[in-house]
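The file structure-v5.csv comes next; it holds CSV, C-alpha atoms and all ligand atoms.
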```csv
chain,number,residue,atom,x,y,z
G,1,MET,CA,-3.5,-7.2,22.9
G,2,LYS,CA,-5.9,-5.2,24.9
G,3,ASN,CA,-8.7,-7.1,26.7
G,4,LYS,CA,-11.8,-7.8,24.8
G,5,ILE,CA,-15.0,-6.0,25.8
G,6,ARG,CA,-17.2,-8.7,27.4
G,7,VAL,CA,-20.7,-8.5,26.0
G,8,ALA,CA,-24.1,-9.8,27.3
G,9,GLU,CA,-26.6,-10.0,24.5
G,10,LEU,CA,-30.3,-9.8,25.6
G,11,PHE,CA,-33.3,-10.3,23.4
G,12,ALA,CA,-30.8,-12.0,21.1
G,13,GLY,CA,-33.1,-13.3,18.4
G,14,VAL,CA,-30.8,-15.0,15.9
G,15,GLY,CA,-27.8,-12.9,16.9
G,16,GLY,CA,-27.8,-9.7,15.0
G,17,PHE,CA,-25.9,-7.8,17.6
G,18,ARG,CA,-23.4,-10.6,17.9
G,19,LEU,CA,-22.7,-10.7,14.2
G,20,GLY,CA,-22.2,-6.9,14.2
G,21,LEU,CA,-19.8,-7.0,17.1
G,22,GLU,CA,-17.9,-10.2,16.7
G,23,GLY,CA,-18.3,-10.8,13.0
G,24,TRP,CA,-18.6,-14.3,11.7
G,25,GLN,CA,-15.7,-16.7,11.3
G,26,GLY,CA,-13.3,-13.8,11.5
G,27,ARG,CA,-15.1,-11.7,8.9
G,28,SER,CA,-16.9,-8.5,9.4
G,29,ALA,CA,-20.6,-8.0,9.0
G,30,LEU,CA,-20.0,-4.6,7.4
G,31,SER,CA,-18.2,-6.2,4.5
G,32,GLY,CA,-20.9,-8.8,4.0
G,33,TYR,CA,-18.5,-11.3,5.6
G,34,THR,CA,-16.0,-11.0,2.8
G,35,LYS,CA,-13.3,-9.1,4.7
G,36,LYS,CA,-11.2,-10.1,7.7
G,37,LEU,CA,-12.3,-8.4,10.9
G,38,GLY,CA,-8.8,-7.7,12.1
G,39,ASN,CA,-8.4,-7.3,15.8
G,40,ASN,CA,-11.9,-8.1,17.1
G,41,GLY,CA,-12.5,-6.2,20.3
G,42,PHE,CA,-15.8,-7.9,21.5
G,43,GLU,CA,-16.7,-11.2,23.0
G,44,VAL,CA,-20.2,-12.3,23.8
G,45,VAL,CA,-19.9,-14.0,27.1
G,46,TRP,CA,-23.7,-14.7,27.7
G,47,SER,CA,-26.8,-14.5,25.6
G,48,ASN,CA,-30.6,-14.8,26.2
G,49,GLN,CA,-33.5,-15.4,23.9
G,50,TRP,CA,-37.0,-16.5,24.7
G,51,GLU,CA,-40.1,-16.1,22.6
G,52,PRO,CA,-43.2,-15.8,24.8
G,53,SER,CA,-45.8,-16.4,22.0
G,54,THR,CA,-44.7,-19.9,20.8
G,55,LYS,CA,-43.5,-23.2,22.3
G,56,SER,CA,-41.0,-24.0,19.6
G,57,GLN,CA,-38.3,-21.4,20.4
G,58,ASP,CA,-37.0,-21.3,16.8
G,59,ALA,CA,-34.9,-18.2,17.2
G,60,SER,CA,-33.1,-19.6,20.2
G,61,LYS,CA,-32.5,-22.9,18.3
G,62,VAL,CA,-31.0,-21.0,15.4
G,63,TYR,CA,-28.8,-19.0,17.8
G,64,GLU,CA,-27.6,-22.1,19.6
G,65,GLN,CA,-26.9,-23.9,16.3
G,66,ARG,CA,-24.8,-21.0,15.2
G,67,PHE,CA,-23.0,-20.0,18.4
G,68,GLY,CA,-23.4,-23.0,20.7
G,69,ASN,CA,-25.5,-23.3,23.9
G,70,GLU,CA,-22.8,-23.3,26.6
G,71,HIS,CA,-23.3,-19.6,27.5
G,72,HIS,CA,-26.9,-19.2,26.2
G,73,SER,CA,-30.1,-19.0,28.1
G,74,ASN,CA,-33.6,-19.8,26.6
G,75,ASN,CA,-35.6,-18.4,29.6
G,76,ASP,CA,-37.9,-15.5,30.0
G,77,ILE,CA,-35.5,-12.7,31.0
G,78,ALA,CA,-37.9,-11.6,33.7
G,79,THR,CA,-37.0,-14.9,35.5
G,80,VAL,CA,-33.2,-14.6,35.3
G,81,ALA,CA,-31.5,-13.1,38.3
G,82,ALA,CA,-28.7,-10.7,37.5
G,83,ASN,CA,-26.2,-12.8,39.5
G,84,HIS,CA,-26.8,-15.7,37.1
G,85,ILE,CA,-25.5,-13.5,34.3
G,86,PRO,CA,-21.7,-13.4,34.1
G,87,ASP,CA,-20.2,-10.0,34.8
G,88,HIS,CA,-19.8,-8.1,31.5
G,89,ASP,CA,-18.6,-4.7,30.2
G,90,MET,CA,-21.4,-4.1,27.7
G,91,LEU,CA,-25.1,-5.0,27.7
G,92,VAL,CA,-26.6,-5.1,24.3
G,93,GLY,CA,-30.1,-5.8,23.0
G,94,GLY,CA,-32.9,-5.0,20.6
G,95,PHE,CA,-35.6,-5.0,23.2
G,96,PRO,CA,-39.1,-6.1,21.9
G,97,CYS,CA,-40.7,-3.3,20.0
G,98,GLN,CA,-44.2,-4.6,19.2
G,99,ASP,CA,-45.8,-1.8,21.2
G,100,TYR,CA,-44.3,0.9,19.0
G,101,SER,CA,-43.8,-1.1,15.8
G,102,VAL,CA,-45.0,0.4,12.5
G,103,ALA,CA,-46.8,-3.0,12.0
G,104,ARG,CA,-49.5,-1.7,14.3
G,105,THR,CA,-51.6,1.4,13.8
G,106,LEU,CA,-50.5,4.3,15.9
G,107,SER,CA,-53.7,4.3,18.0
G,108,GLN,CA,-53.1,0.6,19.1
G,109,SER,CA,-49.6,1.3,20.3
G,110,GLY,CA,-49.2,0.9,24.1
G,111,GLY,CA,-45.7,2.3,24.7
G,112,LEU,CA,-43.8,1.3,27.7
G,113,GLN,CA,-46.9,0.4,29.6
G,114,GLY,CA,-47.7,-2.2,27.0
G,115,LYS,CA,-47.2,-5.9,27.6
G,116,LYS,CA,-43.8,-6.3,25.9
G,117,GLY,CA,-42.7,-2.7,26.4
G,118,VAL,CA,-42.2,-3.3,30.1
G,119,LEU,CA,-39.2,-5.5,29.3
G,120,TRP,CA,-37.3,-2.2,29.4
G,121,TRP,CA,-37.4,-2.6,33.2
G,122,GLU,CA,-35.6,-6.0,32.9
G,123,ILE,CA,-32.7,-4.2,31.3
G,124,HIS,CA,-32.9,-1.6,34.1
G,125,ARG,CA,-33.0,-4.3,36.8
G,126,ILE,CA,-29.9,-6.1,35.5
G,127,LEU,CA,-28.0,-2.8,35.3
G,128,LYS,CA,-29.1,-1.8,38.8
G,129,ASP,CA,-28.3,-5.2,40.4
G,130,LYS,CA,-24.9,-5.5,38.7
G,131,MET,CA,-24.1,-2.0,40.1
G,132,ALA,CA,-25.3,-3.0,43.6
G,133,ALA,CA,-23.1,-6.1,43.4
G,134,GLY,CA,-20.1,-3.8,42.7
G,135,ASN,CA,-19.7,-4.8,39.0
G,136,PRO,CA,-21.4,-2.0,37.1
G,137,VAL,CA,-21.9,-2.5,33.4
G,138,SER,CA,-19.7,0.1,31.7
G,139,TYR,CA,-21.6,0.4,28.3
G,140,VAL,CA,-25.2,-0.2,27.2
G,141,PHE,CA,-26.0,-0.5,23.5
G,142,LEU,CA,-29.7,-0.8,22.6
G,143,GLU,CA,-31.8,-0.8,19.5
G,144,ASN,CA,-35.5,-0.2,18.9
G,145,VAL,CA,-37.9,1.1,16.3
G,146,ASP,CA,-37.9,4.9,15.6
G,147,ARG,CA,-41.3,5.2,17.0
G,148,LEU,CA,-39.9,4.7,20.5
G,149,LEU,CA,-39.0,8.4,20.4
G,150,LYS,CA,-42.7,9.3,20.0
G,151,SER,CA,-44.4,6.8,22.3
G,152,PRO,CA,-47.0,6.7,23.7
G,153,VAL,CA,-49.6,8.3,21.4
G,154,LYS,CA,-51.3,10.4,24.1
G,155,LYS,CA,-48.0,11.6,25.7
G,156,ARG,CA,-45.5,11.8,22.9
G,157,GLY,CA,-41.9,11.2,23.9
G,158,ARG,CA,-42.8,10.2,27.5
G,159,ASP,CA,-41.5,6.6,27.2
G,160,PHE,CA,-38.1,7.7,25.8
G,161,ALA,CA,-37.8,10.4,28.4
G,162,ILE,CA,-38.4,7.7,31.1
G,163,ILE,CA,-35.7,5.5,29.5
G,164,LEU,CA,-33.2,8.4,29.4
G,165,ALA,CA,-34.0,9.6,32.9
G,166,SER,CA,-33.8,6.1,34.4
G,167,LEU,CA,-30.4,5.5,32.8
G,168,ALA,CA,-29.2,8.9,34.1
G,169,ASP,CA,-30.4,8.0,37.6
G,170,LEU,CA,-28.3,4.8,37.4
G,171,GLY,CA,-25.2,7.0,36.6
G,172,TYR,CA,-25.1,6.7,32.8
G,173,ALA,CA,-24.6,9.4,30.1
G,174,VAL,CA,-26.7,8.6,27.1
G,175,GLU,CA,-26.5,9.2,23.4
G,176,TRP,CA,-28.9,8.1,20.7
G,177,ARG,CA,-29.2,8.2,16.9
G,178,VAL,CA,-31.9,7.2,14.4
G,179,ILE,CA,-30.2,5.3,11.7
G,180,ASN,CA,-31.8,4.4,8.4
G,181,ALA,CA,-30.5,1.1,6.9
G,182,ALA,CA,-31.0,2.5,3.4
G,183,GLU,CA,-28.2,4.9,4.0
G,184,TYR,CA,-25.8,2.0,4.6
G,185,GLY,CA,-26.4,0.2,1.3
G,186,LEU,CA,-29.3,-2.0,2.4
G,187,PRO,CA,-32.4,-2.3,0.1
G,188,GLN,CA,-35.0,-1.1,2.7
G,189,ARG,CA,-35.9,2.0,4.5
G,190,ARG,CA,-35.7,0.7,8.0
G,191,ARG,CA,-35.2,3.4,10.6
G,192,ARG,CA,-34.0,2.3,14.0
G,193,THR,CA,-33.2,4.1,17.2
G,194,PHE,CA,-29.8,3.2,18.7
G,195,ILE,CA,-29.0,4.1,22.3
G,196,LEU,CA,-25.5,4.1,23.6
G,197,ALA,CA,-24.9,4.8,27.3
G,198,PHE,CA,-21.7,4.8,29.3
G,199,PHE,CA,-21.3,4.6,33.1
G,200,LYS,CA,-19.8,7.4,35.2
G,201,ASP,CA,-16.6,5.5,36.0
G,202,THR,CA,-15.6,5.0,32.4
G,203,ALA,CA,-12.8,7.1,30.7
G,204,ILE,CA,-15.2,8.2,28.0
G,205,TYR,CA,-17.7,9.6,30.6
G,206,LYS,CA,-15.0,11.6,32.1
G,207,GLN,CA,-13.9,13.0,28.7
G,208,LEU,CA,-17.5,14.0,28.0
G,209,ASP,CA,-17.5,16.5,30.8
G,210,HIS,CA,-14.7,18.4,29.1
G,211,LYS,CA,-15.8,18.2,25.4
G,212,GLN,CA,-19.5,19.2,25.5
G,213,GLY,CA,-20.5,21.1,22.3
G,214,ASP,CA,-18.1,19.4,19.9
G,215,TRP,CA,-18.9,15.9,21.0
G,216,ILE,CA,-21.9,15.1,18.7
G,217,ALA,CA,-20.5,17.1,15.7
G,218,GLU,CA,-17.3,14.9,16.0
G,219,GLY,CA,-19.3,11.7,15.8
G,220,GLY,CA,-20.2,11.1,19.4
G,221,SER,CA,-18.8,8.5,21.6
G,222,TRP,CA,-18.9,5.4,19.4
G,223,PRO,CA,-15.8,6.2,17.3
G,224,ARG,CA,-14.0,7.3,20.4
G,225,LEU,CA,-14.8,4.1,22.3
G,226,PHE,CA,-14.3,1.5,19.6
G,227,ARG,CA,-11.9,2.9,17.0
O,1,LIG,C1,-36.7,-7.1,18.3
O,1,LIG,S1,-36.3,-8.8,18.5
O,1,LIG,C2,-34.5,-8.7,18.6
O,1,LIG,C3,-33.9,-9.3,17.4
O,1,LIG,C4,-32.4,-9.6,17.5
O,1,LIG,N1,-31.7,-8.4,17.7
O,1,LIG,C5,-31.9,-10.4,16.2
O,1,LIG,O1,-30.9,-10.0,15.7
O,1,LIG,O2,-32.5,-11.3,15.8
O,1,LIG,C6,-36.7,-9.1,20.2
O,1,LIG,C7,-36.5,-10.5,20.7
O,1,LIG,O3,-36.8,-10.5,22.1
O,1,LIG,C8,-37.4,-11.8,22.4
O,1,LIG,N2,-38.1,-11.8,23.6
O,1,LIG,C9,-39.4,-11.3,23.8
O,1,LIG,N3,-39.8,-11.4,25.1
O,1,LIG,C10,-38.7,-11.9,25.7
O,1,LIG,C11,-38.5,-12.3,27.1
O,1,LIG,N4,-39.5,-12.1,28.0
O,1,LIG,N5,-37.3,-12.8,27.5
O,1,LIG,C12,-36.3,-13.0,26.5
O,1,LIG,N6,-36.5,-12.7,25.2
O,1,LIG,C13,-37.7,-12.2,24.8
O,1,LIG,C14,-38.2,-12.1,21.1
O,1,LIG,O4,-38.5,-13.5,21.0
O,1,LIG,C15,-37.4,-11.5,20.0
O,1,LIG,O5,-36.5,-12.5,19.4
```
Spit out the file's structure as C-alpha cells when you get a sec.
Amino acid sequence: MKNKIRVAELFAGVGGFRLGLEGWQGRSALSGYTKKLGNNGFEVVWSNQWEPSTKSQDASKVYEQRFGNEHHSNNDIATVAANHIPDHDMLVGGFPCQDYSVARTLSQSGGLQGKKGVLWWEIHRILKDKMAAGNPVSYVFLENVDRLLKSPVKKRGRDFAIILASLADLGYAVEWRVINAAEYGLPQRRRRTFILAFFKDTAIYKQLDHKQGDWIAEGGSWPRLFR
C-alpha cells in the first residue's frame, strides 16, 4: 500500500476537513457515512483549534472527544512554532473568514488587514519555516467564503491576489474553485472558495508545465493527485 499523505489540520473547528479526508470509522463523508471508504489515503498527524473570543473552547473539546488529544493543540496558532508541528505532506484549513463573511455588511468587511484575516500569514509562516527547515509541505488545501475573491471592498480582489502571489513566491502552483454545496445535494446555497496549491518539487507540479491549456478543462489537479 502506498504511504498515506500526512495532513496537518489548522483552524480545525470540529474537524470538517478531517471527516472529508479520513472519513469516519472507515466510512466516507461523501456517502453520508454509509459506504466504506476503501483505501484511505490521508492521515491527520496534527491538528490545531483555538477560539479567541471565548474561554470555553467548545470546538476544540468536541474535536478532542471525537479524535483524541494526543496530536491536537488548543493554542493560538500565532504562538505555535513551525518546528512544534510534525512534518506533513499537506496543510489544510478553513482559515477564519469573519472579515469577508456574508454575515457582515460589505462595508464593514476588513479583508486581510482585518483582525482575523491576518491569520493567513500564520499559514504562510508555517509553509515558509517548513521549507527553510528542508521539509517543504507538498500540498496546501484551504477553504474560505466566496467573498475572499472580492475583498477588500475598496480594492476588490487585492487580498486574493496577495494570497496567490505569496504562495507563488514560496514556490507553489495554485488552483482555486468556488463550490456551491447546493450542487452536491446539500439543502443550502453555501458557496465556498477552495484553494489547492502544490509545491514545485512534486510530480504534479512538473506535469503542470507540460499540460497547460487542458489542465482545468480536465478537472484540474485534484483528480490527478487523489484518484
Ligand atoms: C471557519 S472556522 C473552520 C471550521 C472547520 N473547518 C470545521 O470543520 O469546523 C475557523 C476556525 O478557526 C478558529 N480560530 C480562530 N482564530 C484562531 C487562532 N488564532 N488560532 C487557532 N484557531 C483559530 C476558530 O475558532 C474557528 O473554529
Can you tell me, as a compact mmCIF listing (two decimals) with C-alpha atoms, in the frame of the given file, what residues are no more than 10 Å from Leu167 in chain G when counting all atoms listed in the file, ignoring any on the same chain fewer than 5 positions away?
```
# COMPACT_ATOMS: atom_id res chain seq x y z
CA HIS G 124 -32.90 -1.60 34.10
CA LEU G 127 -28.00 -2.80 35.30
CA LYS G 128 -29.10 -1.80 38.80
CA VAL G 140 -25.20 -0.20 27.20
CA ALA G 161 -37.80 10.40 28.40
CA ILE G 162 -38.40 7.70 31.10
CA TYR G 172 -25.10 6.70 32.80
CA ALA G 173 -24.60 9.40 30.10
CA VAL G 174 -26.70 8.60 27.10
CA ALA G 197 -24.90 4.80 27.30
CA PHE G 198 -21.70 4.80 29.30
CA PHE G 199 -21.30 4.60 33.10
```
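Taking CA of Ala78 in chain G and atom C7 of ligand LIG 1 (chain O) as endpoints, the distance between them is 13.1 Å.
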**Surrounding residues of Ala182 in chain G excluding itself and chain neighbours under 6 positions, 12 Å, all atoms listed in the file, as a VMD selection string** = chain G and resid 188 to 192
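Rounded to one decimal, CA of Asp76 in chain G and CA of Arg6 in chain G lie 21.9 Å from each other.
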**Request:** Enumerate residues in contact with ligand LIG 1 (chain O): an atom-to-atom distance of at most 8 Å, counting all atoms listed in the file. Format the result as a ChimeraX atom specification.
**Result:** /G:10-18,48-53,57,59-60,74-78,93-98,116,119,143-144
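For Val7 in chain G, the non-local neighbours within 6 Å, defined as residues at least 5 positions apart in the same chain or in other chains and counting all atoms listed in the file, are Glu43, Val44, Val45, His88, Met90 and Leu91 of chain G.
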**Message:** Rounded to one decimal, what separation in Å do you get between CA of Ala168 in chain G and CA of Glu9 in chain G?
**Reply:** 21.4 Å
